[in-house]
Structure formats: C-alpha cells, structure tokens
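Novice: Please find one structure pasted underneath; my questions will follow.
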Amino acid sequence: MAITSYRDLEVYQRSMKALVAVHKLALTFPDYEKFVLADQIRRASKSIPANIAEGYGKRKSAKEFKHYLSNALGSANEMIVHIEVTRELDYAKPEMCNSLIEDYTIICKMLYRLIENWHTIPSKSSSTPSDL
C-alpha cells in the first residue's frame, strides 16, 4: 500500500483507535477526576495522532519530522503512566487498563522505529514497510 497521507501510517491508525477507547474510559471516571486525570489523558491521547500528522507534513526535514514524532512518543509514554494510575486507583477494570497499556506500548515501539527509520518512508509510488 502506498503512503499518501499520515492516515496511511499504521501507528496513526492505532493511536486513533486507542484515543477512542481512552475517551470512552474517561467518561466513567469519578466526578472529581473528570477535570484532572480525565482531562490529562484526553489531551495526551489526542497529542499522539496530532503530532504524527504534523510531523508527516514536515517529513522532508529530518530534524522537524523527528521532533514531532518524539513529541508523539512522549505522549504515548505519558499515556502508559496515566493508564497505570487509572488501574491503581481502581477507576477501571485491570483488564481494560492492561489492554490499553499494551496498545500504547506497541504505539511507542512503532514511533521509535519510525523515528529511527524515517528515511525509509517510501514515496507515493512505492509500498510501505509492514511495520510502520
């Protein structure tokens, strides 16, 4: 499959899928957390695909592309911590939290590989590596 947009990147697609699950989860938090932890995880989860998209738009500059992908990686790591807090405070079932932690761990690994191999992103006429 040719990469014609950031939407074609599997890491973008995964981060959007996780974002939806996180937003639904945040709606179940106790009222006193809706403006603190819930707000933080909503913002961090949105930051990941937003930074991927912005970085993709600047991918011709290695420095800028890596900067935005690094920001996305930071937000993905932040999400792991927020979900661990959610689990430890019993705001959600451990299974749900563990699944989200696994999702964000995969997203982190994918972002790291993309940062390390940014120059391997093919042009519109080539196919994409399967692990991006």
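Chain labels follow the order of the structure tokens: the first chain is A, the next B, and so on; residue numbering restarts at 1 in every chain, and ligands are counted from 1 in their shown order.
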Could you build a table of the residues in segment 41-62 of chain A lying no more than 8 Å from segment 1-10 of chain A, giving for each the nearest pair of atoms and their separation in Å rounded to one decimal place, using only C-alpha atoms, ordered by chain and ascending residue number, as JSON lines?

Specialist:
```
{"residue": "A:Ile52", "atom": "CA", "partner": "A:Tyr6", "partner_atom": "CA", "distance": 7.0}
{"residue": "A:Ala53", "atom": "CA", "partner": "A:Tyr6", "partner_atom": "CA", "distance": 5.5}
{"residue": "A:Tyr56", "atom": "CA", "partner": "A:Tyr6", "partner_atom": "CA", "distance": 5.9}
```

Novice: If you keep C-alpha atoms, can you produce a file of those selected residues as a PDB file, in the first residue's frame?

Specialist:
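Result file follows (part_19.pdb):
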```
ATOM      1  CA  ILE A  52       2.172  12.262  13.805  1.00  0.00           C
ATOM      2  CA  ALA A  53       0.082  14.268  11.330  1.00  0.00           C
ATOM      3  CA  TYR A  56       4.284  13.896   8.446  1.00  0.00           C
TER       4      TYR A  56
END
```

Novice: Which residue out of A:Ile115, A:Phe65, A:Tyr91, A:Glu102 has the minimum interatomic distance to Asp31 of chain A when only C-alpha atoms are used?

Specialist: A:Tyr91

Novice: With only C-alpha atoms as the basis for distance, which of A:Ile101, A:Met79, A:Ile48, A:Ala62 is at the shortest distance from Asn117 of chain A?

Specialist: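 Of all the options, A:Ala62 lies closest to Asn117 of chain A.
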
Novice: Considering only C-alpha atoms, return as a PyMOL selection string whatever protein or nucleic-acid residues lie within 9 Å of Leu27 of chain A, sequence-local ones (same chain, fewer than 5 positions apart) excluded.

Specialist: chain A and resi 22+34+38

Novice: Please identify all polymer residues within 12 Å of Ala44 of chain A, counting only C-alpha atoms, omitting same-chain residues fewer than 6 positions from it, and present them as number ranges by chain.

Specialist: A: 15-16, 18-19, 22-23, 37-38, 50-51, 71-83, 104

Novice: What lies within 7 Å of Val11 of chain A using only C-alpha atoms, ignoring chain neighbours under 2 positions off, as a list in words?

Specialist: Leu9, Gln13, Arg14, Ser15, Ile107, Met110, Leu111 and Leu132 of chain A

Novice: Among the residues of chain A, find those DSSP assigns to helix (DSSP H, G or I) from the backbone and print them as a PyMOL selection string.

Specialist: chain A and resi 6-8+10-26+31-33+37-57+62-88+94-116+118-120

Novice: Check the smallest atom-to-atom distance from each of A:Ser45, A:Glu88, A:Thr28, A:Lys58 to Asp103 of chain A using only C-alpha atoms, then report the winner.

Specialist: A:Ser45

Novice: In terms of the shortest atom-to-atom distance over only C-alpha atoms, which of A:Arg113, A:Pro49, A:Val85, A:Ile106 is closest to Tyr68 of chain A?

Specialist: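 Comparing A:Arg113, A:Pro49, A:Val85, A:Ile106 against Tyr68 of chain A, the winner is A:Pro49.
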
Novice: Just how far from atom CA of Ser47 of chain A is atom CA of Ala92 of chain A, in Å to one decimal?

Specialist: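 It comes out at 22.2 Å.
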
Novice: I'd like to know which of A:Pro94, A:Leu114, A:Ser99, A:Leu89 is closest to Ala21 of chain A, using only C-alpha atoms.

Specialist: A:Ser99

Novice: Check the smallest atom-to-atom distance from each of A:Lys63, A:Glu116, A:Ala26, A:Gln40 to Cys97 of chain A using only C-alpha atoms, then report the winner.

Specialist: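 Of all the options, A:Ala26 lies closest to Cys97 of chain A.
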